[in-house]
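Engineer: Handing you this structure, nothing more for now.
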Amino acid sequence: MSNAPLLPRLAADPLRAALLDAPAVLIHGPRQCGKSTLAQAVGEPLGYAYLTFDDDAVRRSALADPIGFADRLPGRCILDAIQRVPDLFRTLKRVIDRDRTAGRFVLAGSTNILLLPELADSLAGRLEIIRLHPLAQVEQRRTTTSFLSQLFDGTMPTSSQPRLGDHLAELIVAGGYPAALQRGSAARRARWYRDYVQAIVDRDVRELAQIRALDAVPRLLSLAAGQTARLLKVSDLAAPFQVSRPTIRDYVTLLARVFLLEELPPWHSNRLSRLIKTPKLHLGDTGVACALLGVTADDLRADRPLLGQLLETFVVQELRRLASATDSALTFHHFRDRDGVEVDLVIERGARAIAAIEVKAAATVSEADFRGLRKLQNAVGTEFRCGVVLYDGEHALSFGDRLYAVPLSALWTS
């Protein structure tokens, strides 16, 4: 491992807890988000050996004789880049069934196996999955926040924070990938992100699917970056290409499998009618999105609509990253009806608790900004815990029963 000081990762404690009772734990997330570093930082002090299938010799051995390879593994082992040997999942199932010792394997992979049912099913009941994201702001700053717990407690403290102002655009453009953040300038970070996307297309996408027009994938991803935080409209994404809509839909799913894109499903309830049932599209990281679009922080400050889109994606991803450290089962949705009433993010905790967030790039908040939150609150009744408008202002303010305007920096400050 690198001798550089390790940033604290929100997923470290959930990983340690999982190793106490799960036979295998999978850390999955995009390439270069820190999976290998986390696995080794947690596993090596506990005596875990480390093997990576990015090593051609190791991969060839596993492919040639998966049963023999698995039988020869040490008692505790980290298996990195597991997506490169998918057939090994079934072999590991046999090994685990023979010896269900807790913490036997730590697996790390950059393909979302939840979107590959045949792999997910092979280790059902044997495998705990931990999602690792690019760095959250609390990880970058080594700070803490109680935002999510306060959100579901319904008691946002009324306090003041400095405005982010021009710095907001810089945070969005910087993104969260550790290697990119180590670059000395915004231009160098953007170059890293562009090279990163091309490397994933040339390697992971090529391995996952036989795509004839592989050069269309980066172009599709750039087009998707311009559509981030909008409803997923496959027809709009397909328009510039000489391929069918179903093919473009398959490409979107493929890019979700390597964590470059994700779909935010619509929230639904039988207590509300005329709901839009289309998912929203979000890039996995705003640094990647800005690099693909070729926009700088100055460009964002001059283009308020684009700033608003990318800020919404930034907030969605920050909250997903914070959620990775919680014990609660949180699910993320968006809400929109056919009258145009919407809420950017609806978070469900279990089956009986709902919180909702609207995102604004402005420094002021009005009563009208709570329209969607109030409609959702009235619809779900006692299940509604809190509604927040996150905005670039200074003050946390109450706007009624469990409705608050809160500065964006509450996502990374106590």
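Ordering of the structure tokens sets the chain letters (A, B, ...), residue numbers begin anew at 1 in every chain, and ligands are numbered from 1 in the order given.
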Taking the DSSP assignment computed from this structure's backbone, write out as a PDB file with N, CA and C atoms, in the first residue's frame all residues of stretch 222-400 of chain A that belong to helix (DSSP H, G or I).

Structural biologist:
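Contents of the output file selection21.pdb:
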```pdb
ATOM      1  N   SER A 222     -21.041  11.456 -22.457  1.00  0.00           N
ATOM      2  CA  SER A 222     -20.992  12.925 -22.481  1.00  0.00           C
ATOM      3  C   SER A 222     -22.390  13.512 -22.635  1.00  0.00           C
ATOM      4  N   LEU A 223     -23.202  12.889 -23.473  1.00  0.00           N
ATOM      5  CA  LEU A 223     -24.582  13.346 -23.647  1.00  0.00           C
ATOM      6  C   LEU A 223     -25.364  13.155 -22.349  1.00  0.00           C
ATOM      7  N   ALA A 224     -25.127  12.035 -21.677  1.00  0.00           N
ATOM      8  CA  ALA A 224     -25.797  11.784 -20.401  1.00  0.00           C
ATOM      9  C   ALA A 224     -25.373  12.801 -19.345  1.00  0.00           C
ATOM     10  N   ALA A 225     -24.117  13.235 -19.393  1.00  0.00           N
ATOM     11  CA  ALA A 225     -23.649  14.240 -18.429  1.00  0.00           C
ATOM     12  C   ALA A 225     -24.454  15.524 -18.564  1.00  0.00           C
ATOM     13  N   GLY A 226     -24.815  15.882 -19.781  1.00  0.00           N
ATOM     14  CA  GLY A 226     -25.639  17.064 -19.988  1.00  0.00           C
ATOM     15  C   GLY A 226     -27.084  16.867 -19.559  1.00  0.00           C
ATOM     16  N   VAL A 234     -34.711   7.985 -23.098  1.00  0.00           N
ATOM     17  CA  VAL A 234     -33.843   7.224 -23.983  1.00  0.00           C
ATOM     18  C   VAL A 234     -33.888   7.784 -25.394  1.00  0.00           C
ATOM     19  N   SER A 235     -35.037   8.284 -25.813  1.00  0.00           N
ATOM     20  CA  SER A 235     -35.142   8.832 -27.173  1.00  0.00           C
ATOM     21  C   SER A 235     -34.204  10.012 -27.363  1.00  0.00           C
ATOM     22  N   ASP A 236     -34.064  10.869 -26.344  1.00  0.00           N
ATOM     23  CA  ASP A 236     -33.146  12.005 -26.451  1.00  0.00           C
ATOM     24  C   ASP A 236     -31.698  11.536 -26.509  1.00  0.00           C
ATOM     25  N   LEU A 237     -31.369  10.511 -25.734  1.00  0.00           N
ATOM     26  CA  LEU A 237     -30.005   9.999 -25.751  1.00  0.00           C
ATOM     27  C   LEU A 237     -29.683   9.287 -27.068  1.00  0.00           C
ATOM     28  N   ALA A 238     -30.705   8.671 -27.675  1.00  0.00           N
ATOM     29  CA  ALA A 238     -30.478   7.903 -28.897  1.00  0.00           C
ATOM     30  C   ALA A 238     -30.416   8.782 -30.142  1.00  0.00           C
ATOM     31  N   ARG A 245     -33.168   2.573 -30.077  1.00  0.00           N
ATOM     32  CA  ARG A 245     -33.414   2.955 -28.686  1.00  0.00           C
ATOM     33  C   ARG A 245     -33.121   1.806 -27.723  1.00  0.00           C
ATOM     34  N   PRO A 246     -33.558   0.576 -28.026  1.00  0.00           N
ATOM     35  CA  PRO A 246     -33.216  -0.522 -27.109  1.00  0.00           C
ATOM     36  C   PRO A 246     -31.708  -0.699 -26.923  1.00  0.00           C
ATOM     37  N   THR A 247     -30.942  -0.458 -27.987  1.00  0.00           N
ATOM     38  CA  THR A 247     -29.487  -0.573 -27.871  1.00  0.00           C
ATOM     39  C   THR A 247     -28.935   0.499 -26.944  1.00  0.00           C
ATOM     40  N   ILE A 248     -29.417   1.730 -27.098  1.00  0.00           N
ATOM     41  CA  ILE A 248     -28.977   2.811 -26.213  1.00  0.00           C
ATOM     42  C   ILE A 248     -29.385   2.504 -24.772  1.00  0.00           C
ATOM     43  N   ARG A 249     -30.575   1.919 -24.590  1.00  0.00           N
ATOM     44  CA  ARG A 249     -31.003   1.549 -23.232  1.00  0.00           C
ATOM     45  C   ARG A 249     -30.061   0.515 -22.637  1.00  0.00           C
ATOM     46  N   ASP A 250     -29.625  -0.417 -23.464  1.00  0.00           N
ATOM     47  CA  ASP A 250     -28.661  -1.418 -22.996  1.00  0.00           C
ATOM     48  C   ASP A 250     -27.333  -0.757 -22.623  1.00  0.00           C
ATOM     49  N   TYR A 251     -26.927   0.246 -23.387  1.00  0.00           N
ATOM     50  CA  TYR A 251     -25.679   0.954 -23.085  1.00  0.00           C
ATOM     51  C   TYR A 251     -25.783   1.684 -21.744  1.00  0.00           C
ATOM     52  N   VAL A 252     -26.936   2.289 -21.481  1.00  0.00           N
ATOM     53  CA  VAL A 252     -27.135   2.990 -20.208  1.00  0.00           C
ATOM     54  C   VAL A 252     -27.011   2.001 -19.048  1.00  0.00           C
ATOM     55  N   THR A 253     -27.639   0.833 -19.198  1.00  0.00           N
ATOM     56  CA  THR A 253     -27.528  -0.192 -18.164  1.00  0.00           C
ATOM     57  C   THR A 253     -26.088  -0.641 -17.987  1.00  0.00           C
ATOM     58  N   LEU A 254     -25.374  -0.773 -19.084  1.00  0.00           N
ATOM     59  CA  LEU A 254     -23.970  -1.175 -19.028  1.00  0.00           C
ATOM     60  C   LEU A 254     -23.130  -0.136 -18.285  1.00  0.00           C
ATOM     61  N   LEU A 255     -23.371   1.144 -18.542  1.00  0.00           N
ATOM     62  CA  LEU A 255     -22.627   2.199 -17.848  1.00  0.00           C
ATOM     63  C   LEU A 255     -22.991   2.250 -16.370  1.00  0.00           C
ATOM     64  N   ALA A 256     -24.210   1.845 -16.027  1.00  0.00           N
ATOM     65  CA  ALA A 256     -24.574   1.733 -14.612  1.00  0.00           C
ATOM     66  C   ALA A 256     -23.837   0.573 -13.955  1.00  0.00           C
ATOM     67  N   ARG A 257     -23.574  -0.474 -14.703  1.00  0.00           N
ATOM     68  CA  ARG A 257     -22.863  -1.625 -14.147  1.00  0.00           C
ATOM     69  C   ARG A 257     -21.438  -1.281 -13.751  1.00  0.00           C
ATOM     70  N   THR A 286     -19.708  14.223 -10.031  1.00  0.00           N
ATOM     71  CA  THR A 286     -19.791  15.487 -10.778  1.00  0.00           C
ATOM     72  C   THR A 286     -18.450  15.879 -11.396  1.00  0.00           C
ATOM     73  N   GLY A 287     -17.335  15.395 -10.844  1.00  0.00           N
ATOM     74  CA  GLY A 287     -16.047  15.656 -11.482  1.00  0.00           C
ATOM     75  C   GLY A 287     -15.982  15.016 -12.851  1.00  0.00           C
ATOM     76  N   VAL A 288     -16.469  13.776 -12.950  1.00  0.00           N
ATOM     77  CA  VAL A 288     -16.540  13.091 -14.242  1.00  0.00           C
ATOM     78  C   VAL A 288     -17.463  13.851 -15.188  1.00  0.00           C
ATOM     79  N   ALA A 289     -18.635  14.267 -14.674  1.00  0.00           N
ATOM     80  CA  ALA A 289     -19.606  14.976 -15.520  1.00  0.00           C
ATOM     81  C   ALA A 289     -19.016  16.252 -16.088  1.00  0.00           C
ATOM     82  N   CYS A 290     -18.369  17.055 -15.254  1.00  0.00           N
ATOM     83  CA  CYS A 290     -17.810  18.330 -15.720  1.00  0.00           C
ATOM     84  C   CYS A 290     -16.697  18.116 -16.723  1.00  0.00           C
ATOM     85  N   ALA A 291     -15.855  17.105 -16.502  1.00  0.00           N
ATOM     86  CA  ALA A 291     -14.780  16.826 -17.453  1.00  0.00           C
ATOM     87  C   ALA A 291     -15.347  16.406 -18.806  1.00  0.00           C
ATOM     88  N   LEU A 292     -16.384  15.577 -18.796  1.00  0.00           N
ATOM     89  CA  LEU A 292     -17.003  15.144 -20.046  1.00  0.00           C
ATOM     90  C   LEU A 292     -17.650  16.309 -20.784  1.00  0.00           C
ATOM     91  N   LEU A 293     -18.234  17.239 -20.024  1.00  0.00           N
ATOM     92  CA  LEU A 293     -18.879  18.406 -20.635  1.00  0.00           C
ATOM     93  C   LEU A 293     -17.877  19.489 -21.013  1.00  0.00           C
ATOM     94  N   ALA A 297     -15.135  25.649 -13.381  1.00  0.00           N
ATOM     95  CA  ALA A 297     -15.908  26.320 -12.334  1.00  0.00           C
ATOM     96  C   ALA A 297     -16.433  27.665 -12.821  1.00  0.00           C
ATOM     97  N   ASP A 298     -15.636  28.399 -13.575  1.00  0.00           N
ATOM     98  CA  ASP A 298     -16.096  29.681 -14.132  1.00  0.00           C
ATOM     99  C   ASP A 298     -17.278  29.469 -15.071  1.00  0.00           C
ATOM    100  N   ASP A 299     -17.213  28.421 -15.879  1.00  0.00           N
ATOM    101  CA  ASP A 299     -18.329  28.120 -16.787  1.00  0.00           C
ATOM    102  C   ASP A 299     -19.612  27.849 -16.001  1.00  0.00           C
ATOM    103  N   LEU A 300     -19.494  27.095 -14.912  1.00  0.00           N
ATOM    104  CA  LEU A 300     -20.678  26.794 -14.103  1.00  0.00           C
ATOM    105  C   LEU A 300     -21.262  28.043 -13.473  1.00  0.00           C
ATOM    106  N   ARG A 301     -20.392  28.902 -12.969  1.00  0.00           N
ATOM    107  CA  ARG A 301     -20.896  30.137 -12.349  1.00  0.00           C
ATOM    108  C   ARG A 301     -21.642  31.002 -13.357  1.00  0.00           C
ATOM    109  N   ALA A 302     -21.276  30.885 -14.638  1.00  0.00           N
ATOM    110  CA  ALA A 302     -21.927  31.680 -15.676  1.00  0.00           C
ATOM    111  C   ALA A 302     -23.171  31.007 -16.249  1.00  0.00           C
ATOM    112  N   ARG A 304     -26.235  29.224 -14.854  1.00  0.00           N
ATOM    113  CA  ARG A 304     -26.987  28.852 -13.656  1.00  0.00           C
ATOM    114  C   ARG A 304     -27.830  27.586 -13.838  1.00  0.00           C
ATOM    115  N   PRO A 305     -28.492  27.391 -15.001  1.00  0.00           N
ATOM    116  CA  PRO A 305     -29.257  26.135 -15.148  1.00  0.00           C
ATOM    117  C   PRO A 305     -28.370  24.892 -15.037  1.00  0.00           C
ATOM    118  N   LEU A 306     -27.196  24.925 -15.678  1.00  0.00           N
ATOM    119  CA  LEU A 306     -26.293  23.778 -15.591  1.00  0.00           C
ATOM    120  C   LEU A 306     -25.755  23.625 -14.175  1.00  0.00           C
ATOM    121  N   LEU A 307     -25.461  24.736 -13.515  1.00  0.00           N
ATOM    122  CA  LEU A 307     -25.032  24.678 -12.117  1.00  0.00           C
ATOM    123  C   LEU A 307     -26.093  23.994 -11.267  1.00  0.00           C
ATOM    124  N   GLY A 308     -27.361  24.340 -11.493  1.00  0.00           N
ATOM    125  CA  GLY A 308     -28.433  23.721 -10.728  1.00  0.00           C
ATOM    126  C   GLY A 308     -28.524  22.222 -10.948  1.00  0.00           C
ATOM    127  N   GLN A 309     -28.388  21.787 -12.206  1.00  0.00           N
ATOM    128  CA  GLN A 309     -28.413  20.355 -12.500  1.00  0.00           C
ATOM    129  C   GLN A 309     -27.287  19.616 -11.778  1.00  0.00           C
ATOM    130  N   LEU A 310     -26.075  20.135 -11.941  1.00  0.00           N
ATOM    131  CA  LEU A 310     -24.917  19.452 -11.374  1.00  0.00           C
ATOM    132  C   LEU A 310     -24.914  19.520  -9.850  1.00  0.00           C
ATOM    133  N   LEU A 311     -25.461  20.596  -9.287  1.00  0.00           N
ATOM    134  CA  LEU A 311     -25.570  20.675  -7.832  1.00  0.00           C
ATOM    135  C   LEU A 311     -26.524  19.608  -7.317  1.00  0.00           C
ATOM    136  N   GLU A 312     -27.616  19.383  -8.018  1.00  0.00           N
ATOM    137  CA  GLU A 312     -28.543  18.335  -7.591  1.00  0.00           C
ATOM    138  C   GLU A 312     -27.853  16.978  -7.584  1.00  0.00           C
ATOM    139  N   THR A 313     -27.110  16.675  -8.642  1.00  0.00           N
ATOM    140  CA  THR A 313     -26.357  15.417  -8.680  1.00  0.00           C
ATOM    141  C   THR A 313     -25.316  15.371  -7.570  1.00  0.00           C
ATOM    142  N   PHE A 314     -24.646  16.480  -7.324  1.00  0.00           N
ATOM    143  CA  PHE A 314     -23.649  16.557  -6.250  1.00  0.00           C
ATOM    144  C   PHE A 314     -24.287  16.208  -4.902  1.00  0.00           C
ATOM    145  N   VAL A 315     -25.458  16.771  -4.620  1.00  0.00           N
ATOM    146  CA  VAL A 315     -26.132  16.512  -3.344  1.00  0.00           C
ATOM    147  C   VAL A 315     -26.593  15.054  -3.262  1.00  0.00           C
ATOM    148  N   VAL A 316     -27.176  14.540  -4.338  1.00  0.00           N
ATOM    149  CA  VAL A 316     -27.612  13.137  -4.342  1.00  0.00           C
ATOM    150  C   VAL A 316     -26.437  12.222  -4.033  1.00  0.00           C
ATOM    151  N   GLN A 317     -25.293  12.473  -4.677  1.00  0.00           N
ATOM    152  CA  GLN A 317     -24.141  11.604  -4.456  1.00  0.00           C
ATOM    153  C   GLN A 317     -23.549  11.790  -3.061  1.00  0.00           C
ATOM    154  N   GLU A 318     -23.533  13.019  -2.545  1.00  0.00           N
ATOM    155  CA  GLU A 318     -23.044  13.227  -1.173  1.00  0.00           C
ATOM    156  C   GLU A 318     -23.887  12.446  -0.172  1.00  0.00           C
ATOM    157  N   LEU A 319     -25.192  12.470  -0.359  1.00  0.00           N
ATOM    158  CA  LEU A 319     -26.068  11.769   0.578  1.00  0.00           C
ATOM    159  C   LEU A 319     -25.952  10.256   0.438  1.00  0.00           C
ATOM    160  N   ARG A 320     -25.761   9.772  -0.780  1.00  0.00           N
ATOM    161  CA  ARG A 320     -25.507   8.342  -0.950  1.00  0.00           C
ATOM    162  C   ARG A 320     -24.226   7.944  -0.215  1.00  0.00           C
ATOM    163  N   ARG A 321     -23.221   8.790  -0.285  1.00  0.00           N
ATOM    164  CA  ARG A 321     -21.946   8.488   0.370  1.00  0.00           C
ATOM    165  C   ARG A 321     -22.102   8.508   1.884  1.00  0.00           C
ATOM    166  N   LEU A 322     -22.844   9.476   2.399  1.00  0.00           N
ATOM    167  CA  LEU A 322     -23.104   9.506   3.847  1.00  0.00           C
ATOM    168  C   LEU A 322     -23.917   8.279   4.279  1.00  0.00           C
ATOM    169  N   ALA A 323     -24.849   7.861   3.451  1.00  0.00           N
ATOM    170  CA  ALA A 323     -25.700   6.719   3.805  1.00  0.00           C
ATOM    171  C   ALA A 323     -24.900   5.429   3.918  1.00  0.00           C
ATOM    172  N   GLU A 367     -41.196  30.588   0.244  1.00  0.00           N
ATOM    173  CA  GLU A 367     -42.245  29.628   0.563  1.00  0.00           C
ATOM    174  C   GLU A 367     -42.537  28.709  -0.628  1.00  0.00           C
ATOM    175  N   ALA A 368     -42.404  29.256  -1.855  1.00  0.00           N
ATOM    176  CA  ALA A 368     -42.703  28.467  -3.053  1.00  0.00           C
ATOM    177  C   ALA A 368     -41.754  27.280  -3.209  1.00  0.00           C
ATOM    178  N   ASP A 369     -40.550  27.374  -2.654  1.00  0.00           N
ATOM    179  CA  ASP A 369     -39.590  26.275  -2.773  1.00  0.00           C
ATOM    180  C   ASP A 369     -40.016  25.048  -1.996  1.00  0.00           C
ATOM    181  N   PHE A 370     -41.012  25.189  -1.124  1.00  0.00           N
ATOM    182  CA  PHE A 370     -41.479  24.072  -0.306  1.00  0.00           C
ATOM    183  C   PHE A 370     -42.744  23.427  -0.868  1.00  0.00           C
ATOM    184  N   ARG A 371     -43.144  23.827  -2.073  1.00  0.00           N
ATOM    185  CA  ARG A 371     -44.392  23.318  -2.644  1.00  0.00           C
ATOM    186  C   ARG A 371     -44.399  21.787  -2.731  1.00  0.00           C
ATOM    187  N   GLY A 372     -43.357  21.209  -3.329  1.00  0.00           N
ATOM    188  CA  GLY A 372     -43.304  19.761  -3.466  1.00  0.00           C
ATOM    189  C   GLY A 372     -43.187  19.059  -2.126  1.00  0.00           C
ATOM    190  N   LEU A 373     -42.382  19.623  -1.221  1.00  0.00           N
ATOM    191  CA  LEU A 373     -42.211  19.029   0.102  1.00  0.00           C
ATOM    192  C   LEU A 373     -43.534  18.998   0.866  1.00  0.00           C
ATOM    193  N   ARG A 374     -44.304  20.084   0.778  1.00  0.00           N
ATOM    194  CA  ARG A 374     -45.585  20.121   1.485  1.00  0.00           C
ATOM    195  C   ARG A 374     -46.573  19.110   0.900  1.00  0.00           C
ATOM    196  N   LYS A 375     -46.568  18.978  -0.415  1.00  0.00           N
ATOM    197  CA  LYS A 375     -47.490  18.013  -1.025  1.00  0.00           C
ATOM    198  C   LYS A 375     -47.140  16.600  -0.577  1.00  0.00           C
ATOM    199  N   LEU A 376     -45.861  16.288  -0.551  1.00  0.00           N
ATOM    200  CA  LEU A 376     -45.435  14.972  -0.096  1.00  0.00           C
ATOM    201  C   LEU A 376     -45.767  14.779   1.380  1.00  0.00           C
ATOM    202  N   GLN A 377     -45.522  15.800   2.188  1.00  0.00           N
ATOM    203  CA  GLN A 377     -45.822  15.722   3.621  1.00  0.00           C
ATOM    204  C   GLN A 377     -47.300  15.451   3.861  1.00  0.00           C
ATOM    205  N   ASN A 378     -48.146  16.149   3.147  1.00  0.00           N
ATOM    206  CA  ASN A 378     -49.591  15.956   3.325  1.00  0.00           C
ATOM    207  C   ASN A 378     -50.031  14.565   2.879  1.00  0.00           C
ATOM    208  N   ALA A 379     -49.344  14.024   1.886  1.00  0.00           N
ATOM    209  CA  ALA A 379     -49.748  12.723   1.349  1.00  0.00           C
ATOM    210  C   ALA A 379     -49.368  11.576   2.278  1.00  0.00           C
ATOM    211  N   VAL A 380     -48.194  11.652   2.903  1.00  0.00           N
ATOM    212  CA  VAL A 380     -47.712  10.500   3.674  1.00  0.00           C
ATOM    213  C   VAL A 380     -48.008  10.620   5.162  1.00  0.00           C
ATOM    214  N   GLY A 381     -48.401  11.803   5.617  1.00  0.00           N
ATOM    215  CA  GLY A 381     -48.842  11.961   6.999  1.00  0.00           C
ATOM    216  C   GLY A 381     -47.765  11.685   8.020  1.00  0.00           C
ATOM    217  N   THR A 382     -48.048  10.801   8.953  1.00  0.00           N
ATOM    218  CA  THR A 382     -47.138  10.570  10.082  1.00  0.00           C
ATOM    219  C   THR A 382     -45.831   9.913   9.665  1.00  0.00           C
ATOM    220  N   GLU A 383     -45.774   9.344   8.490  1.00  0.00           N
ATOM    221  CA  GLU A 383     -44.524   8.743   8.034  1.00  0.00           C
ATOM    222  C   GLU A 383     -43.490   9.798   7.632  1.00  0.00           C
TER     223      GLU A 383
END
```

Engineer: Which neighbours of A:His28 fall inside 6 Å, counting only C-alpha atoms, when residues of the same chain fewer than 4 positions from it are skipped, and could you give them as a ChimeraX atom specification?

Structural biologist: /A:108-110,131-132

Engineer: Find the residues around A:Leu127 up to 8 Å (only C-alpha atoms counted), leave out those fewer than 5 positions away in its own chain, and share them as a count of residues only.

Structural biologist: 5

Engineer: Report as a list in words all protein, DNA and RNA residues lying within 12 Å of A:Pro74, evaluated on only C-alpha atoms, omitting residues in the same chain fewer than 2 positions from it.

Structural biologist: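 In the requested format, the answer is Gly47, Tyr48, Ala49, Tyr50, Leu51, Phe69, Ala70, Asp71, Arg72, Arg76, Cys77, Ile78, Leu79, Val95, Arg104, Phe105 and Val106 of chain A.
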
Engineer: Please give the complete set of residues from stretch 78-311 of chain A that DSSP, run on the backbone, assigns to strand (DSSP E), formatted as an MDAnalysis selection string.

Structural biologist: chainID A and resid 78:80 105:109 127:131 230:231 261:264 280:283

Engineer: Export, as an mmCIF file, in the first residue's frame, the selected residues with C-alpha atoms.

Structural biologist:
```
data_model
loop_
_atom_site.group_PDB
_atom_site.id
_atom_site.type_symbol
_atom_site.label_atom_id
_atom_site.label_comp_id
_atom_site.auth_asym_id
_atom_site.auth_seq_id
_atom_site.Cartn_x
_atom_site.Cartn_y
_atom_site.Cartn_z
ATOM 1 C CA ILE A 78 -8.645 -10.412 -0.078
ATOM 2 C CA LEU A 79 -9.533 -11.101 -3.709
ATOM 3 C CA ASP A 80 -9.329 -7.881 -5.716
ATOM 4 C CA PHE A 105 -13.154 -13.625 2.069
ATOM 5 C CA VAL A 106 -13.012 -9.929 1.285
ATOM 6 C CA LEU A 107 -13.875 -9.406 -2.375
ATOM 7 C CA ALA A 108 -13.422 -6.146 -4.254
ATOM 8 C CA GLY A 109 -14.895 -5.403 -7.652
ATOM 9 C CA LEU A 127 -22.248 -12.430 0.894
ATOM 10 C CA GLU A 128 -22.623 -8.986 2.450
ATOM 11 C CA ILE A 129 -22.248 -6.129 -0.014
ATOM 12 C CA ILE A 130 -20.697 -2.799 0.901
ATOM 13 C CA ARG A 131 -20.849 0.025 -1.615
ATOM 14 C CA ARG A 230 -33.208 15.074 -15.496
ATOM 15 C CA LEU A 231 -35.753 12.399 -16.304
ATOM 16 C CA LEU A 261 -24.271 6.318 -14.428
ATOM 17 C CA GLU A 262 -27.107 5.563 -12.083
ATOM 18 C CA GLU A 263 -30.865 5.769 -12.244
ATOM 19 C CA LEU A 264 -32.820 7.311 -9.397
ATOM 20 C CA LYS A 280 -34.012 10.284 -13.133
ATOM 21 C CA LEU A 281 -30.544 10.012 -14.584
ATOM 22 C CA HIS A 282 -27.493 10.951 -12.508
ATOM 23 C CA LEU A 283 -23.792 10.771 -13.232
#
```

Engineer: One decimal, Å: what's the distance from atom CA of A:Leu7 over to atom CA of A:Thr143, could you say?

Structural biologist: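 Computing the Euclidean distance for atom CA of A:Leu7 and atom CA of A:Thr143 yields 10.9 Å.
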
Engineer: Would you work out the distance separating atom CA of A:Val58 from atom CA of A:Leu260, expressed in Å to one decimal?

Structural biologist: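 Between these atoms lies a distance of 27.1 Å.
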
Engineer: Give me the residues of stretch 121-211 of chain A that have any atom at most 9 Å from an atom of stretch 29-32 of chain A; for each, the nearest atom pair and the distance in Å, rounded to one decimal. Use only C-alpha atoms, sort by chain and number, and format it as a tab-separated table.

Structural biologist:
```
residue	atom	partner	partner_atom	distance
A:Ile130	CA	A:Gly29	CA	8.6
A:Arg131	CA	A:Gly29	CA	5.8
A:Leu132	CA	A:Gly29	CA	5.0
A:His133	CA	A:Gly29	CA	5.9
A:Pro134	CA	A:Pro30	CA	7.8
A:Tyr177	CA	A:Gln32	CA	6.8
A:Pro178	CA	A:Gln32	CA	7.3
A:Ala179	CA	A:Gln32	CA	7.2
A:Tyr196	CA	A:Arg31	CA	8.7
A:Ile200	CA	A:Arg31	CA	8.0
```

Engineer: Can you tell me, as a PyMOL selection string, what residues are no more than 9 Å from A:Arg183 when counting only C-alpha atoms, ignoring any on the same chain fewer than 5 positions away?

Structural biologist: chain A and resi 188-189+192

Engineer: Contacts of A:Tyr404 at 9 Å or less, counting only C-alpha atoms, minus same-chain residues fewer than 3 places along, as a PyMOL selection string?

Structural biologist: chain A and resi 156+158+370+386-390+396-401

Engineer: Could you dump the residues just selected with N, CA, C and O atoms as a compact mmCIF listing (two decimals), in the first residue's frame?

Structural biologist:
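See selection.txt below for the written result:
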```
# COMPACT_ATOMS: atom_id res chain seq x y z
N MET A 156 -33.96 19.63 12.64
CA MET A 156 -32.79 20.33 12.13
C MET A 156 -32.48 21.54 13.03
O MET A 156 -33.35 22.38 13.27
N THR A 158 -31.38 25.15 14.13
CA THR A 158 -31.33 26.44 13.45
C THR A 158 -30.01 27.12 13.81
O THR A 158 -29.82 27.57 14.92
N PHE A 370 -41.01 25.19 -1.12
CA PHE A 370 -41.48 24.07 -0.31
C PHE A 370 -42.74 23.43 -0.87
O PHE A 370 -43.34 22.57 -0.22
N CYS A 386 -39.16 14.70 7.82
CA CYS A 386 -38.58 16.03 7.66
C CYS A 386 -38.48 16.35 6.18
O CYS A 386 -38.28 15.47 5.34
N GLY A 387 -38.62 17.63 5.87
CA GLY A 387 -38.39 18.12 4.52
C GLY A 387 -37.42 19.29 4.56
O GLY A 387 -37.57 20.20 5.38
N VAL A 388 -36.41 19.24 3.70
CA VAL A 388 -35.34 20.25 3.74
C VAL A 388 -35.11 20.81 2.35
O VAL A 388 -35.05 20.06 1.36
N VAL A 389 -34.99 22.14 2.28
CA VAL A 389 -34.46 22.79 1.09
C VAL A 389 -33.00 23.11 1.39
O VAL A 389 -32.70 23.93 2.27
N LEU A 390 -32.09 22.43 0.70
CA LEU A 390 -30.67 22.73 0.82
C LEU A 390 -30.35 23.86 -0.14
O LEU A 390 -30.64 23.78 -1.34
N ALA A 396 -29.86 28.26 8.85
CA ALA A 396 -30.84 27.18 8.91
C ALA A 396 -32.10 27.75 9.54
O ALA A 396 -32.07 28.28 10.65
N LEU A 397 -33.21 27.65 8.82
CA LEU A 397 -34.44 28.32 9.23
C LEU A 397 -35.62 27.36 9.17
O LEU A 397 -35.70 26.49 8.29
N SER A 398 -36.56 27.53 10.07
CA SER A 398 -37.78 26.74 10.06
C SER A 398 -38.80 27.38 9.13
O SER A 398 -38.98 28.60 9.13
N PHE A 399 -39.48 26.55 8.33
CA PHE A 399 -40.54 27.01 7.45
C PHE A 399 -41.85 26.29 7.74
O PHE A 399 -42.66 26.07 6.86
N GLY A 400 -42.02 25.90 8.99
CA GLY A 400 -43.25 25.20 9.37
C GLY A 400 -42.93 23.87 10.03
O GLY A 400 -41.78 23.57 10.37
N ASP A 401 -43.95 23.08 10.20
CA ASP A 401 -43.81 21.80 10.88
C ASP A 401 -42.87 20.87 10.14
O ASP A 401 -43.18 20.39 9.05
```
